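S.K.: This is protein-v9.cif (mmCIF, C-alpha atoms).
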data_coords
#
loop_
_atom_site.group_PDB
_atom_site.id
_atom_site.type_symbol
_atom_site.label_atom_id
_atom_site.label_comp_id
_atom_site.auth_asym_id
_atom_site.auth_seq_id
_atom_site.Cartn_x
_atom_site.Cartn_y
_atom_site.Cartn_z
ATOM 1 C CA GLY A 34 19.764 -22.398 17.519
ATOM 2 C CA ALA A 35 19.952 -18.810 18.781
ATOM 3 C CA LEU A 36 16.532 -18.839 20.490
ATOM 4 C CA LEU A 37 17.122 -22.219 22.100
ATOM 5 C CA ASP A 38 20.576 -21.167 23.272
ATOM 6 C CA TYR A 39 19.095 -18.060 24.867
ATOM 7 C CA HIS A 40 16.295 -19.908 26.653
ATOM 8 C CA ALA A 41 18.347 -22.938 27.674
ATOM 9 C CA ASN A 42 21.666 -21.267 28.518
ATOM 10 C CA ASP A 43 20.872 -17.554 28.859
ATOM 11 C CA GLU A 44 23.349 -16.930 26.011
ATOM 12 C CA VAL A 45 22.863 -14.031 23.614
ATOM 13 C CA LEU A 46 24.687 -14.572 20.352
ATOM 14 C CA ASP A 47 26.870 -11.814 18.991
ATOM 15 C CA ARG A 48 26.322 -10.443 15.532
ATOM 16 C CA SER A 49 28.322 -12.357 12.978
ATOM 17 C CA GLY A 50 27.597 -10.586 9.702
ATOM 18 C CA ASN A 51 27.567 -13.104 6.865
ATOM 19 C CA PHE A 52 29.644 -15.667 8.774
ATOM 20 C CA ASP A 53 28.170 -19.139 9.082
ATOM 21 C CA PRO A 54 29.899 -21.826 11.143
ATOM 22 C CA LYS A 55 29.004 -24.509 8.580
ATOM 23 C CA ALA A 56 29.879 -22.747 5.312
ATOM 24 C CA ALA A 57 32.931 -21.047 3.822
ATOM 25 C CA PRO A 58 33.003 -18.931 1.825
ATOM 26 C CA HIS A 59 29.630 -17.521 2.848
ATOM 27 C CA ASN A 60 29.389 -13.866 1.868
ATOM 28 C CA ALA A 61 28.009 -11.241 -0.479
ATOM 29 C CA TYR A 62 30.387 -9.873 -3.109
ATOM 30 C CA ALA A 63 30.189 -6.678 -5.155
ATOM 31 C CA CYS A 64 29.720 -7.191 -8.890
ATOM 32 C CA ALA A 65 29.528 -4.882 -11.913
ATOM 33 C CA LYS A 66 26.779 -2.259 -12.242
ATOM 34 C CA ASP A 67 26.330 -1.738 -8.481
ATOM 35 C CA SER A 68 24.967 -5.260 -8.013
ATOM 36 C CA TRP A 69 25.908 -7.949 -5.533
ATOM 37 C CA ILE A 70 25.969 -11.744 -5.414
ATOM 38 C CA ALA A 71 25.742 -14.059 -2.417
ATOM 39 C CA ILE A 72 27.953 -17.144 -2.670
ATOM 40 C CA SER A 73 27.990 -19.940 -0.140
ATOM 41 C CA CYS A 74 29.884 -23.238 -0.066
ATOM 42 C CA TRP A 75 28.503 -25.894 2.279
ATOM 43 C CA SER A 76 31.015 -28.668 1.617
ATOM 44 C CA ASP A 77 34.595 -29.200 0.545
ATOM 45 C CA GLU A 78 33.279 -30.549 -2.764
ATOM 46 C CA GLU A 79 31.222 -27.433 -3.395
ATOM 47 C CA PHE A 80 34.227 -25.250 -2.617
ATOM 48 C CA GLY A 81 36.196 -27.332 -5.119
ATOM 49 C CA ARG A 82 33.594 -26.612 -7.791
ATOM 50 C CA LEU A 83 33.791 -22.890 -6.969
ATOM 51 C CA ALA A 84 37.595 -22.824 -7.084
ATOM 52 C CA THR A 85 37.572 -24.597 -10.451
ATOM 53 C CA PHE A 86 34.771 -22.396 -11.787
ATOM 54 C CA ILE A 87 36.592 -19.160 -11.027
ATOM 55 C CA GLY A 88 39.855 -20.451 -12.506
ATOM 56 C CA HIS A 89 41.779 -21.314 -9.335
ATOM 57 C CA PRO A 90 41.860 -25.127 -9.189
ATOM 58 C CA GLU A 91 45.207 -24.826 -7.361
ATOM 59 C CA TRP A 92 43.260 -23.783 -4.247
ATOM 60 C CA LEU A 93 42.195 -27.416 -3.952
ATOM 61 C CA ASN A 94 45.829 -28.364 -3.203
ATOM 62 C CA GLU A 95 46.474 -25.533 -0.750
ATOM 63 C CA GLU A 96 46.286 -26.451 2.927
ATOM 64 C CA ALA A 97 44.758 -23.029 3.696
ATOM 65 C CA TYR A 98 41.554 -24.000 1.855
ATOM 66 C CA ALA A 99 41.489 -27.801 2.190
ATOM 67 C CA THR A 100 38.747 -27.970 4.847
ATOM 68 C CA LEU A 101 35.967 -25.828 6.246
ATOM 69 C CA ASP A 102 38.004 -25.025 9.357
ATOM 70 C CA ARG A 103 41.028 -23.997 7.277
ATOM 71 C CA ARG A 104 38.902 -21.869 4.927
ATOM 72 C CA GLN A 105 37.327 -20.108 7.905
ATOM 73 C CA ALA A 106 40.772 -19.466 9.405
ATOM 74 C CA ASN A 107 41.795 -17.844 6.098
ATOM 75 C CA LEU A 108 38.442 -16.294 5.266
ATOM 76 C CA SER A 109 39.603 -12.710 4.859
ATOM 77 C CA ASP A 110 42.110 -13.715 2.144
ATOM 78 C CA LEU A 111 39.580 -16.003 0.475
ATOM 79 C CA ASP A 112 36.846 -13.345 0.525
ATOM 80 C CA GLU A 113 39.250 -10.783 -0.934
ATOM 81 C CA MET A 114 40.218 -13.063 -3.838
ATOM 82 C CA ILE A 115 36.631 -14.050 -4.594
ATOM 83 C CA GLY A 116 35.571 -10.407 -4.283
ATOM 84 C CA GLU A 117 38.215 -9.279 -6.785
ATOM 85 C CA TRP A 118 37.049 -11.929 -9.243
ATOM 86 C CA CYS A 119 33.384 -10.919 -8.839
ATOM 87 C CA GLU A 120 33.980 -7.180 -9.436
ATOM 88 C CA ALA A 121 33.836 -7.465 -13.230
ATOM 89 C CA GLN A 122 30.995 -10.015 -13.330
ATOM 90 C CA ASP A 123 27.318 -9.445 -14.053
ATOM 91 C CA ALA A 124 25.522 -10.670 -10.911
ATOM 92 C CA ASP A 125 22.499 -12.154 -12.706
ATOM 93 C CA ALA A 126 24.526 -14.099 -15.255
ATOM 94 C CA LEU A 127 27.044 -15.181 -12.633
ATOM 95 C CA ALA A 128 24.351 -16.452 -10.261
ATOM 96 C CA GLY A 129 22.836 -18.577 -13.021
ATOM 97 C CA SER A 130 26.186 -19.997 -14.073
ATOM 98 C CA LEU A 131 27.221 -20.789 -10.504
ATOM 99 C CA GLN A 132 23.898 -22.498 -9.820
ATOM 100 C CA GLU A 133 24.304 -24.616 -12.949
ATOM 101 C CA ALA A 134 27.732 -25.620 -11.645
ATOM 102 C CA GLY A 135 26.192 -26.791 -8.363
ATOM 103 C CA ILE A 136 27.255 -23.814 -6.248
ATOM 104 C CA HIS A 137 24.904 -21.971 -3.906
ATOM 105 C CA ALA A 138 24.622 -18.463 -5.349
ATOM 106 C CA TYR A 139 21.982 -15.812 -5.887
ATOM 107 C CA ARG A 140 21.931 -12.190 -6.910
ATOM 108 C CA VAL A 141 21.323 -9.954 -3.903
ATOM 109 C CA ASN A 142 18.016 -8.182 -4.392
ATOM 110 C CA SER A 143 17.614 -4.450 -3.969
ATOM 111 C CA ILE A 144 14.373 -3.165 -2.473
ATOM 112 C CA ALA A 145 13.041 -2.563 -6.000
ATOM 113 C CA ASP A 146 14.009 -6.119 -6.996
ATOM 114 C CA LEU A 147 11.814 -7.539 -4.252
ATOM 115 C CA PHE A 148 8.739 -6.365 -6.136
ATOM 116 C CA THR A 149 9.802 -7.787 -9.506
ATOM 117 C CA ASP A 150 11.441 -11.067 -8.441
ATOM 118 C CA GLU A 151 9.777 -13.896 -10.400
ATOM 119 C CA GLN A 152 9.742 -16.338 -7.500
ATOM 120 C CA LEU A 153 8.314 -13.811 -5.022
ATOM 121 C CA ARG A 154 5.672 -12.843 -7.574
ATOM 122 C CA HIS A 155 4.785 -16.498 -8.184
ATOM 123 C CA ARG A 156 4.418 -17.089 -4.439
ATOM 124 C CA GLY A 157 2.160 -14.032 -3.996
ATOM 125 C CA THR A 158 4.550 -12.507 -1.481
ATOM 126 C CA TRP A 159 3.486 -8.921 -2.184
ATOM 127 C CA ARG A 160 -0.203 -8.022 -2.475
ATOM 128 C CA LYS A 161 -1.684 -4.566 -2.873
ATOM 129 C CA ARG A 162 -4.295 -3.203 -0.531
ATOM 130 C CA ARG A 163 -5.818 0.280 -0.611
ATOM 131 C CA HIS A 164 -5.114 2.371 2.454
ATOM 132 C CA PRO A 165 -7.616 5.203 3.077
ATOM 133 C CA GLU A 166 -4.910 7.830 3.633
ATOM 134 C CA ILE A 167 -1.927 6.805 1.502
ATOM 135 C CA GLY A 168 -3.519 4.852 -1.345
ATOM 136 C CA ASP A 169 -2.350 1.510 -2.728
ATOM 137 C CA GLN A 170 0.373 -0.164 -0.686
ATOM 138 C CA ALA A 171 2.192 -3.460 -1.114
ATOM 139 C CA TYR A 172 1.842 -5.748 1.893
ATOM 140 C CA TYR A 173 4.031 -8.741 2.632
ATOM 141 C CA PHE A 174 2.323 -12.137 2.768
ATOM 142 C CA PRO A 175 3.859 -15.505 3.635
ATOM 143 C CA GLY A 176 4.976 -17.505 0.625
ATOM 144 C CA PHE A 177 2.616 -20.348 1.531
ATOM 145 C CA THR A 178 -1.037 -20.955 2.393
ATOM 146 C CA LEU A 179 -2.118 -23.342 5.118
ATOM 147 C CA PRO A 180 -5.299 -25.316 4.386
ATOM 148 C CA GLY A 181 -8.184 -24.541 6.717
ATOM 149 C CA MET A 182 -6.629 -21.308 7.963
ATOM 150 C CA PRO A 183 -8.012 -17.818 7.386
ATOM 151 C CA GLY A 184 -7.131 -16.403 4.014
ATOM 152 C CA PRO A 185 -5.357 -13.138 3.292
ATOM 153 C CA PHE A 186 -6.525 -10.000 4.993
ATOM 154 C CA PRO A 187 -8.993 -8.151 2.748
ATOM 155 C CA SER A 188 -7.917 -4.564 3.398
ATOM 156 C CA ALA A 189 -5.252 -2.351 4.867
ATOM 157 C CA ALA A 190 -5.189 -1.714 8.595
ATOM 158 C CA PRO A 191 -7.625 0.961 9.752
ATOM 159 C CA CYS A 192 -6.402 4.486 10.435
ATOM 160 C CA LEU A 193 -5.771 5.525 14.020
ATOM 161 C CA GLY A 194 -9.104 5.753 15.815
ATOM 162 C CA ALA A 195 -11.176 4.555 12.850
ATOM 163 C CA GLU A 196 -12.619 1.643 14.818
ATOM 164 C CA ARG A 197 -13.116 3.477 18.119
ATOM 165 C CA TYR A 198 -16.938 3.405 17.943
ATOM 166 C CA VAL A 199 -16.951 -0.356 17.405
ATOM 167 C CA VAL A 200 -14.619 -0.750 20.368
ATOM 168 C CA TYR A 201 -16.788 1.524 22.559
ATOM 169 C CA ARG A 202 -19.994 -0.326 21.655
ATOM 170 C CA GLU A 203 -18.857 -3.946 21.434
ATOM 171 C CA PHE A 204 -16.044 -4.155 23.944
ATOM 172 C CA VAL A 205 -16.624 -1.341 26.410
ATOM 173 C CA GLY A 206 -20.419 -1.311 26.229
ATOM 174 C CA ARG A 207 -20.820 2.448 25.846
ATOM 175 C CA GLY A 208 -23.747 3.735 23.755
ATOM 176 C CA SER A 209 -24.842 2.849 20.294
ATOM 177 C CA GLU A 210 -24.651 6.329 18.778
ATOM 178 C CA LYS A 211 -21.424 7.785 17.419
ATOM 179 C CA ASN A 212 -21.897 10.988 19.475
ATOM 180 C CA GLU A 213 -22.219 9.080 22.784
ATOM 181 C CA THR A 214 -18.550 8.798 23.689
#
Just dump the structure as structure tokens.

M.R.:
Amino acid sequence: GALLDYHANDEVLDRSGNFDPKAAPHNAYACAKDSWIAISCWSDEEFGRLATFIGHPEWLNEEAYATLDRRQANLSDLDEMIGEWCEAQDADALAGSLQEAGIHAYRVNSIADLFTDEQLRHRGTWRKRRHPEIGDQAYYFPGFTLPGMPGPFPSAAPCLGAERYVVYREFVGRGSEKNET
């Protein structure tokens, strides 16, 4: 959407934080132990499951939360109430329970979590390569492999100037000896 809108209409979208025009609530909420959870409701039915799950089935009868448009108009109040409820919750346990109840939710990963996340590990997202100056480094790979395409890069990027002799010889056509530059 944003790229097409820019190219077709010369429109640059403003930053919108966690707001999504098709979901409400759609935010990250602080939980216990300095952790966070992202919760997102993509339908009135899903919001109903969330309201019931957190012990507020009466929200289903309130006009302020009856539809997506109404929830978005009252989003600050809704986010505050959900945020207060989340404060005492364990993000990992809560995410699992919400998912089981059919609600889009996931614990927000810290940088350290990115390297231990089971799904990212299974997909081979992070792979170590040895860099000549700074040692082993984790490099990000796509979570998929396309058949017939080149495989993963075999090493870290070269240091600044490390390939200059190859460039001089093969691309510029200058000398074959390292001291002929």

S.K.: Name all residues at most 12 Å from stretch 150-161 of chain A (count only C-alpha atoms; drop same-chain ones fewer than 3 positions away) and give them as number ranges by chain.

M.R.: A: 125, 139-147, 164, 168-178, 185-189

S.K.: On this file, the PyMOL selection byres ((chain A and resi 52) around 12) gives some set of residues; write that set as a VMD selection string.

M.R.: chain A and resid 47 to 51 53 to 61 71 to 74 104 to 106 108 to 109 112

S.K.: I'd like the neighbourhood of A:Gly81 as a list of chain:residue names, where a residue qualifies if any of its atoms comes within 8 Å (using all atoms listed in the file), though same-chain residues fewer than 3 positions away should be ignored.

M.R.: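 The residues that qualify are A:Asp77, A:Glu78, A:Ala84, A:Thr85, A:Pro90, A:Trp92, A:Leu93.
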
S.K.: Determine the nearest neighbour of A:Ala126 from the options A:Leu193, A:Leu101, A:Leu36, A:Ala65, counting all atoms listed in the file.

M.R.: A:Ala65

S.K.: Could you work out how far atom CA of A:Asp67 lies from atom CA of A:Gly88, giving the answer in Å with one decimal?

M.R.: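 Spanning atom CA of A:Gly88 to atom CA of A:Asp67 is a straight-line distance of 23.4 Å.
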
S.K.: Would you work out the distance separating atom CA of A:Arg162 from atom CA of A:Tyr201, expressed in Å to one decimal?

M.R.: 26.7 Å
